[in-house]
>>> print(open('data35.cif').read())   # mmCIF, N, CA and C atoms
data_protein
loop_
_atom_site.label_atom_id
_atom_site.label_comp_id
_atom_site.auth_asym_id
_atom_site.auth_seq_id
_atom_site.Cartn_x
_atom_site.Cartn_y
_atom_site.Cartn_z
N MET A 1 -58.92 -2.85 -37.43
CA MET A 1 -57.96 -1.78 -37.35
C MET A 1 -56.54 -2.33 -37.25
N PHE A 2 -56.36 -3.43 -36.52
CA PHE A 2 -55.02 -3.97 -36.32
C PHE A 2 -54.65 -5.04 -37.35
N ALA A 3 -55.59 -5.42 -38.20
CA ALA A 3 -55.32 -6.48 -39.18
C ALA A 3 -54.22 -6.10 -40.16
N GLY A 4 -54.06 -4.83 -40.43
CA GLY A 4 -53.02 -4.40 -41.35
C GLY A 4 -51.64 -4.33 -40.73
N ILE A 5 -51.54 -4.49 -39.44
CA ILE A 5 -50.25 -4.38 -38.75
C ILE A 5 -49.48 -5.70 -38.77
N ILE A 6 -50.16 -6.81 -38.66
CA ILE A 6 -49.51 -8.10 -38.50
C ILE A 6 -48.69 -8.53 -39.72
N PRO A 7 -49.22 -8.49 -40.95
CA PRO A 7 -48.41 -8.96 -42.10
C PRO A 7 -47.07 -8.24 -42.27
N PRO A 8 -46.99 -6.91 -42.16
CA PRO A 8 -45.66 -6.29 -42.29
C PRO A 8 -44.70 -6.68 -41.17
N LEU A 9 -45.23 -6.85 -39.97
CA LEU A 9 -44.36 -7.24 -38.86
C LEU A 9 -43.80 -8.65 -39.05
N THR A 10 -44.66 -9.59 -39.41
CA THR A 10 -44.19 -10.96 -39.60
C THR A 10 -43.29 -11.07 -40.82
N SER A 11 -43.63 -10.36 -41.88
CA SER A 11 -42.77 -10.39 -43.07
C SER A 11 -41.41 -9.77 -42.79
N GLY A 12 -41.40 -8.66 -42.07
CA GLY A 12 -40.13 -8.04 -41.71
C GLY A 12 -39.27 -8.94 -40.84
N TYR A 13 -39.91 -9.63 -39.91
CA TYR A 13 -39.18 -10.56 -39.05
C TYR A 13 -38.57 -11.67 -39.90
N LEU A 14 -39.37 -12.23 -40.82
CA LEU A 14 -38.85 -13.29 -41.67
C LEU A 14 -37.71 -12.81 -42.56
N HIS A 15 -37.84 -11.62 -43.12
CA HIS A 15 -36.82 -11.13 -44.04
C HIS A 15 -35.50 -10.83 -43.33
N HIS A 16 -35.55 -10.46 -42.08
CA HIS A 16 -34.33 -10.13 -41.36
C HIS A 16 -33.70 -11.31 -40.65
N ARG A 17 -34.47 -12.34 -40.34
CA ARG A 17 -33.96 -13.44 -39.53
C ARG A 17 -33.70 -14.73 -40.30
N ILE A 18 -34.31 -14.90 -41.46
CA ILE A 18 -34.25 -16.16 -42.18
C ILE A 18 -33.27 -16.06 -43.34
N ASP A 19 -32.55 -17.16 -43.59
CA ASP A 19 -31.62 -17.24 -44.70
C ASP A 19 -32.37 -17.06 -46.02
N SER A 20 -31.75 -16.43 -46.98
CA SER A 20 -32.43 -16.11 -48.24
C SER A 20 -32.84 -17.36 -49.01
N ALA A 21 -32.18 -18.48 -48.80
CA ALA A 21 -32.53 -19.71 -49.51
C ALA A 21 -33.87 -20.27 -49.02
N GLN A 22 -34.26 -19.96 -47.81
CA GLN A 22 -35.49 -20.50 -47.23
C GLN A 22 -36.58 -19.45 -47.07
N ARG A 23 -36.32 -18.24 -47.43
CA ARG A 23 -37.24 -17.13 -47.16
C ARG A 23 -38.57 -17.30 -47.89
N ALA A 24 -38.55 -17.66 -49.17
CA ALA A 24 -39.79 -17.78 -49.94
C ALA A 24 -40.65 -18.92 -49.41
N THR A 25 -40.03 -20.03 -49.05
CA THR A 25 -40.78 -21.17 -48.52
C THR A 25 -41.45 -20.81 -47.20
N LEU A 26 -40.71 -20.17 -46.31
CA LEU A 26 -41.29 -19.79 -45.03
C LEU A 26 -42.35 -18.71 -45.19
N GLY A 27 -42.18 -17.82 -46.16
CA GLY A 27 -43.21 -16.83 -46.43
C GLY A 27 -44.50 -17.49 -46.91
N SER A 28 -44.36 -18.52 -47.73
CA SER A 28 -45.54 -19.25 -48.20
C SER A 28 -46.24 -19.97 -47.06
N PHE A 29 -45.48 -20.59 -46.18
CA PHE A 29 -46.07 -21.28 -45.03
C PHE A 29 -46.73 -20.28 -44.07
N GLU A 30 -46.14 -19.10 -43.94
CA GLU A 30 -46.76 -18.07 -43.10
C GLU A 30 -48.11 -17.68 -43.66
N SER A 31 -48.17 -17.45 -44.98
CA SER A 31 -49.42 -17.10 -45.62
C SER A 31 -50.44 -18.23 -45.50
N LEU A 32 -50.00 -19.47 -45.66
CA LEU A 32 -50.89 -20.62 -45.52
C LEU A 32 -51.46 -20.70 -44.11
N GLY A 33 -50.61 -20.48 -43.11
CA GLY A 33 -51.08 -20.52 -41.73
C GLY A 33 -52.08 -19.43 -41.41
N GLU A 34 -51.81 -18.21 -41.88
CA GLU A 34 -52.73 -17.10 -41.64
C GLU A 34 -54.09 -17.37 -42.28
N ASN A 35 -54.08 -17.85 -43.52
CA ASN A 35 -55.33 -18.12 -44.22
C ASN A 35 -56.07 -19.30 -43.60
N ALA A 36 -55.36 -20.32 -43.11
CA ALA A 36 -56.01 -21.45 -42.45
C ALA A 36 -56.71 -20.99 -41.17
N VAL A 37 -56.09 -20.11 -40.42
CA VAL A 37 -56.71 -19.59 -39.20
C VAL A 37 -57.95 -18.78 -39.54
N LEU A 38 -57.89 -17.98 -40.61
CA LEU A 38 -59.06 -17.20 -41.02
C LEU A 38 -60.21 -18.11 -41.46
N VAL A 39 -59.90 -19.18 -42.18
CA VAL A 39 -60.94 -20.11 -42.62
C VAL A 39 -61.58 -20.79 -41.41
N LEU A 40 -60.77 -21.26 -40.47
CA LEU A 40 -61.32 -21.93 -39.29
C LEU A 40 -62.13 -20.97 -38.43
N ALA A 41 -61.69 -19.74 -38.30
CA ALA A 41 -62.46 -18.76 -37.53
C ALA A 41 -63.79 -18.46 -38.22
N GLY A 42 -63.77 -18.35 -39.54
CA GLY A 42 -65.01 -18.11 -40.28
C GLY A 42 -65.98 -19.27 -40.18
N LEU A 43 -65.47 -20.50 -40.28
CA LEU A 43 -66.33 -21.67 -40.14
C LEU A 43 -66.90 -21.78 -38.73
N GLY A 44 -66.06 -21.50 -37.73
CA GLY A 44 -66.54 -21.54 -36.35
C GLY A 44 -67.59 -20.47 -36.08
N PHE A 45 -67.38 -19.29 -36.64
CA PHE A 45 -68.36 -18.22 -36.49
C PHE A 45 -69.68 -18.61 -37.13
N GLY A 46 -69.63 -19.17 -38.33
CA GLY A 46 -70.84 -19.58 -39.02
C GLY A 46 -71.57 -20.69 -38.28
N TYR A 47 -70.82 -21.65 -37.77
CA TYR A 47 -71.44 -22.76 -37.03
C TYR A 47 -72.09 -22.25 -35.75
N ALA A 48 -71.37 -21.43 -34.99
CA ALA A 48 -71.92 -20.90 -33.74
C ALA A 48 -73.13 -20.01 -34.02
N SER A 49 -73.09 -19.25 -35.09
CA SER A 49 -74.22 -18.39 -35.43
C SER A 49 -75.44 -19.19 -35.83
N SER A 50 -75.24 -20.30 -36.53
CA SER A 50 -76.39 -21.10 -36.96
C SER A 50 -76.95 -21.92 -35.81
N ARG A 51 -76.11 -22.36 -34.88
CA ARG A 51 -76.58 -23.16 -33.75
C ARG A 51 -77.21 -22.30 -32.66
N LEU A 52 -76.63 -21.15 -32.40
CA LEU A 52 -77.10 -20.28 -31.33
C LEU A 52 -77.83 -19.09 -31.95
N ASP A 53 -77.13 -18.02 -32.12
CA ASP A 53 -77.63 -16.83 -32.80
C ASP A 53 -76.42 -15.99 -33.19
N LEU A 54 -76.66 -14.82 -33.70
CA LEU A 54 -75.55 -13.97 -34.13
C LEU A 54 -74.61 -13.64 -32.98
N PHE A 55 -75.19 -13.41 -31.80
CA PHE A 55 -74.35 -13.10 -30.63
C PHE A 55 -73.51 -14.31 -30.22
N GLY A 56 -74.01 -15.50 -30.47
CA GLY A 56 -73.21 -16.70 -30.22
C GLY A 56 -72.01 -16.77 -31.13
N GLY A 57 -72.18 -16.34 -32.37
CA GLY A 57 -71.06 -16.29 -33.30
C GLY A 57 -70.01 -15.30 -32.84
N TYR A 58 -70.47 -14.13 -32.41
CA TYR A 58 -69.51 -13.15 -31.90
C TYR A 58 -68.90 -13.60 -30.57
N GLY A 59 -69.63 -14.39 -29.81
CA GLY A 59 -69.06 -14.98 -28.60
C GLY A 59 -67.93 -15.94 -28.94
N PHE A 60 -68.10 -16.69 -30.03
CA PHE A 60 -67.03 -17.58 -30.50
C PHE A 60 -65.78 -16.77 -30.86
N ILE A 61 -65.97 -15.67 -31.56
CA ILE A 61 -64.84 -14.80 -31.91
C ILE A 61 -64.19 -14.24 -30.64
N ALA A 62 -65.02 -13.90 -29.64
CA ALA A 62 -64.48 -13.38 -28.38
C ALA A 62 -63.64 -14.44 -27.67
N VAL A 63 -64.08 -15.70 -27.72
CA VAL A 63 -63.30 -16.78 -27.12
C VAL A 63 -61.97 -16.95 -27.84
N LEU A 64 -62.00 -16.87 -29.17
CA LEU A 64 -60.75 -16.94 -29.93
C LEU A 64 -59.79 -15.81 -29.55
N CYS A 65 -60.34 -14.61 -29.41
CA CYS A 65 -59.51 -13.47 -29.01
C CYS A 65 -58.95 -13.67 -27.61
N GLY A 66 -59.76 -14.21 -26.71
CA GLY A 66 -59.30 -14.47 -25.35
C GLY A 66 -58.18 -15.51 -25.31
N VAL A 67 -58.33 -16.56 -26.11
CA VAL A 67 -57.28 -17.59 -26.19
C VAL A 67 -56.00 -16.98 -26.75
N GLY A 68 -56.12 -16.15 -27.77
CA GLY A 68 -54.95 -15.49 -28.33
C GLY A 68 -54.28 -14.56 -27.32
N LEU A 69 -55.09 -13.87 -26.53
CA LEU A 69 -54.54 -12.98 -25.52
C LEU A 69 -53.78 -13.75 -24.44
N VAL A 70 -54.34 -14.87 -24.00
CA VAL A 70 -53.66 -15.69 -22.99
C VAL A 70 -52.37 -16.26 -23.55
N TYR A 71 -52.40 -16.73 -24.81
CA TYR A 71 -51.18 -17.23 -25.44
C TYR A 71 -50.13 -16.13 -25.54
N PHE A 72 -50.54 -14.95 -25.97
CA PHE A 72 -49.60 -13.83 -26.09
C PHE A 72 -49.01 -13.48 -24.73
N TRP A 73 -49.83 -13.48 -23.71
CA TRP A 73 -49.36 -13.14 -22.37
C TRP A 73 -48.35 -14.17 -21.88
N LEU A 74 -48.64 -15.46 -22.08
CA LEU A 74 -47.71 -16.50 -21.65
C LEU A 74 -46.42 -16.49 -22.48
N ALA A 75 -46.54 -16.27 -23.78
CA ALA A 75 -45.37 -16.25 -24.64
C ALA A 75 -44.49 -15.03 -24.37
N SER A 76 -45.11 -13.91 -24.01
CA SER A 76 -44.30 -12.71 -23.77
C SER A 76 -43.53 -12.79 -22.46
N LYS A 77 -43.94 -13.66 -21.57
CA LYS A 77 -43.19 -13.83 -20.32
C LYS A 77 -41.87 -14.54 -20.56
N ARG A 78 -41.79 -15.31 -21.66
CA ARG A 78 -40.58 -16.07 -21.96
C ARG A 78 -39.58 -15.30 -22.80
N VAL A 79 -39.91 -14.10 -23.23
CA VAL A 79 -39.01 -13.32 -24.07
C VAL A 79 -37.83 -12.84 -23.22
N ILE A 80 -36.64 -13.07 -23.75
CA ILE A 80 -35.43 -12.63 -23.04
C ILE A 80 -34.99 -11.29 -23.63
N VAL A 81 -34.90 -10.31 -22.80
CA VAL A 81 -34.48 -8.98 -23.24
C VAL A 81 -32.96 -8.91 -23.13
N GLU A 82 -32.33 -8.55 -24.25
CA GLU A 82 -30.86 -8.47 -24.23
C GLU A 82 -30.41 -7.05 -24.09
#
>>> encode(input="data35.cif", output="structure tokens")
Amino acid sequence: MFAGIIPPLTSGYLHHRIDSAQRATLGSFESLGENAVLVLAGLGFGYASSRLDLFGGYGFIAVLCGVGLVYFWLASKRVIVE
């Protein structure tokens, strides 16, 4: 449900904050990073599912979500509100 929210937000941030000479390059790196994370998550899910069971694979995804939540929580504490 939330997968469709992230690309417009990150693209909008890049388009408003980055110089036009570097915008395409940074957009490409953003896409590369997103796809690399998806590949690694898929490989980890497959490995955990084959070693444990299907619930182990979903447990791996849950751990990834938990790590992302902790990172988001720590990163949001450093945001300076102007």
>>> residues_around(input="data35.cif", residues="segment 38-44 of chain A", least_positions_apart="3", cutoff="7 Å", atoms="all atoms listed in the file", output="list of chain:residue names")
A:Gly33, A:Glu34, A:Asn35, A:Tyr47, A:Ala48, A:Ser49, A:Gly57, A:Phe60, A:Ile61
>>> atom_distance(input="data35.cif", atom1="atom N of Trp73 of chain A", atom2="atom N of Leu52 of chain A")
29.2 Å
>>> atom_distance(input="data35.cif", atom1="atom CA of Leu54 of chain A", atom2="atom CA of Phe72 of chain A")
27.2 Å
>>> atom_distance(input="data35.cif", atom1="atom CA of Ile6 of chain A", atom2="atom C of Leu32 of chain A")
13.9 Å
>>> closest_residue(input="data35.cif", among="A:Val37, A:Tyr71, A:Glu30, A:Phe45", to="Gly59 of chain A", atoms="all atoms listed in the file")
A:Phe45
>>> axis_aligned_box(input="data35.cif", around="segment 18-24 of chain A", padding_each_side="5 Å", output="AutoDock Vina command-line options")
--center_x -36.1 --center_y -17.7 --center_z -45.7 --size_x 19.0 --size_y 15.6 --size_z 18.5
>>> select_by_dssp(input="data35.cif", residues="chain A", states="alpha helix (DSSP H)", output="PyMOL selection string")
chain A and resi 6-17+23-51+54-77
>>> build_atoms(input="data35.cif", residues="segment 58-69 of chain A", atoms="all heavy atoms", output="mmCIF file, keeping the file's coordinate frame")
data_model
loop_
_atom_site.group_PDB
_atom_site.id
_atom_site.type_symbol
_atom_site.label_atom_id
_atom_site.label_comp_id
_atom_site.auth_asym_id
_atom_site.auth_seq_id
_atom_site.Cartn_x
_atom_site.Cartn_y
_atom_site.Cartn_z
ATOM 1 N N TYR A 58 -70.470 -14.130 -32.410
ATOM 2 C CA TYR A 58 -69.510 -13.150 -31.900
ATOM 3 C C TYR A 58 -68.900 -13.600 -30.570
ATOM 4 O O TYR A 58 -67.764 -13.258 -30.255
ATOM 5 C CB TYR A 58 -70.159 -11.777 -31.763
ATOM 6 C CG TYR A 58 -70.312 -11.091 -33.090
ATOM 7 C CD1 TYR A 58 -71.571 -10.825 -33.616
ATOM 8 C CD2 TYR A 58 -69.200 -10.741 -33.828
ATOM 9 C CE1 TYR A 58 -71.710 -10.210 -34.849
ATOM 10 C CE2 TYR A 58 -69.331 -10.131 -35.067
ATOM 11 C CZ TYR A 58 -70.584 -9.867 -35.565
ATOM 12 O OH TYR A 58 -70.713 -9.262 -36.782
ATOM 13 N N GLY A 59 -69.630 -14.390 -29.810
ATOM 14 C CA GLY A 59 -69.060 -14.980 -28.600
ATOM 15 C C GLY A 59 -67.930 -15.940 -28.940
ATOM 16 O O GLY A 59 -66.918 -15.998 -28.244
ATOM 17 N N PHE A 60 -68.100 -16.690 -30.030
ATOM 18 C CA PHE A 60 -67.030 -17.580 -30.500
ATOM 19 C C PHE A 60 -65.780 -16.770 -30.860
ATOM 20 O O PHE A 60 -64.670 -17.152 -30.489
ATOM 21 C CB PHE A 60 -67.525 -18.372 -31.714
ATOM 22 C CG PHE A 60 -66.461 -19.215 -32.347
ATOM 23 C CD1 PHE A 60 -66.080 -20.414 -31.771
ATOM 24 C CD2 PHE A 60 -65.831 -18.811 -33.515
ATOM 25 C CE1 PHE A 60 -65.093 -21.195 -32.350
ATOM 26 C CE2 PHE A 60 -64.853 -19.577 -34.096
ATOM 27 C CZ PHE A 60 -64.478 -20.773 -33.515
ATOM 28 N N ILE A 61 -65.970 -15.670 -31.560
ATOM 29 C CA ILE A 61 -64.840 -14.800 -31.910
ATOM 30 C C ILE A 61 -64.190 -14.240 -30.640
ATOM 31 O O ILE A 61 -62.966 -14.147 -30.541
ATOM 32 C CB ILE A 61 -65.286 -13.670 -32.851
ATOM 33 C CG1 ILE A 61 -65.827 -14.235 -34.160
ATOM 34 C CG2 ILE A 61 -64.157 -12.682 -33.110
ATOM 35 C CD1 ILE A 61 -64.822 -14.968 -34.999
ATOM 36 N N ALA A 62 -65.020 -13.900 -29.640
ATOM 37 C CA ALA A 62 -64.480 -13.380 -28.380
ATOM 38 C C ALA A 62 -63.640 -14.440 -27.670
ATOM 39 O O ALA A 62 -62.590 -14.133 -27.099
ATOM 40 C CB ALA A 62 -65.616 -12.911 -27.480
ATOM 41 N N VAL A 63 -64.080 -15.700 -27.720
ATOM 42 C CA VAL A 63 -63.300 -16.780 -27.120
ATOM 43 C C VAL A 63 -61.970 -16.950 -27.840
ATOM 44 O O VAL A 63 -60.921 -17.117 -27.197
ATOM 45 C CB VAL A 63 -64.115 -18.098 -27.114
ATOM 46 C CG1 VAL A 63 -63.243 -19.290 -26.755
ATOM 47 C CG2 VAL A 63 -65.286 -17.995 -26.154
ATOM 48 N N LEU A 64 -62.000 -16.870 -29.170
ATOM 49 C CA LEU A 64 -60.750 -16.940 -29.930
ATOM 50 C C LEU A 64 -59.790 -15.810 -29.550
ATOM 51 O O LEU A 64 -58.588 -16.026 -29.393
ATOM 52 C CB LEU A 64 -61.023 -16.898 -31.426
ATOM 53 C CG LEU A 64 -61.615 -18.130 -32.074
ATOM 54 C CD1 LEU A 64 -61.797 -17.896 -33.568
ATOM 55 C CD2 LEU A 64 -60.767 -19.341 -31.835
ATOM 56 N N CYS A 65 -60.340 -14.610 -29.410
ATOM 57 C CA CYS A 65 -59.510 -13.470 -29.010
ATOM 58 C C CYS A 65 -58.950 -13.670 -27.610
ATOM 59 O O CYS A 65 -57.790 -13.336 -27.342
ATOM 60 C CB CYS A 65 -60.306 -12.179 -29.085
ATOM 61 S SG CYS A 65 -60.682 -11.657 -30.758
ATOM 62 N N GLY A 66 -59.760 -14.210 -26.710
ATOM 63 C CA GLY A 66 -59.300 -14.470 -25.350
ATOM 64 C C GLY A 66 -58.180 -15.510 -25.310
ATOM 65 O O GLY A 66 -57.194 -15.351 -24.591
ATOM 66 N N VAL A 67 -58.330 -16.560 -26.110
ATOM 67 C CA VAL A 67 -57.280 -17.590 -26.190
ATOM 68 C C VAL A 67 -56.000 -16.980 -26.750
ATOM 69 O O VAL A 67 -54.896 -17.249 -26.239
ATOM 70 C CB VAL A 67 -57.758 -18.786 -27.030
ATOM 71 C CG1 VAL A 67 -56.616 -19.723 -27.365
ATOM 72 C CG2 VAL A 67 -58.865 -19.537 -26.310
ATOM 73 N N GLY A 68 -56.120 -16.150 -27.770
ATOM 74 C CA GLY A 68 -54.950 -15.490 -28.330
ATOM 75 C C GLY A 68 -54.280 -14.560 -27.320
ATOM 76 O O GLY A 68 -53.050 -14.475 -27.259
ATOM 77 N N LEU A 69 -55.090 -13.870 -26.530
ATOM 78 C CA LEU A 69 -54.540 -12.980 -25.520
ATOM 79 C C LEU A 69 -53.780 -13.750 -24.440
ATOM 80 O O LEU A 69 -52.684 -13.359 -24.041
ATOM 81 C CB LEU A 69 -55.650 -12.147 -24.887
ATOM 82 C CG LEU A 69 -55.228 -11.156 -23.820
ATOM 83 C CD1 LEU A 69 -54.334 -10.076 -24.426
ATOM 84 C CD2 LEU A 69 -56.453 -10.533 -23.175
#
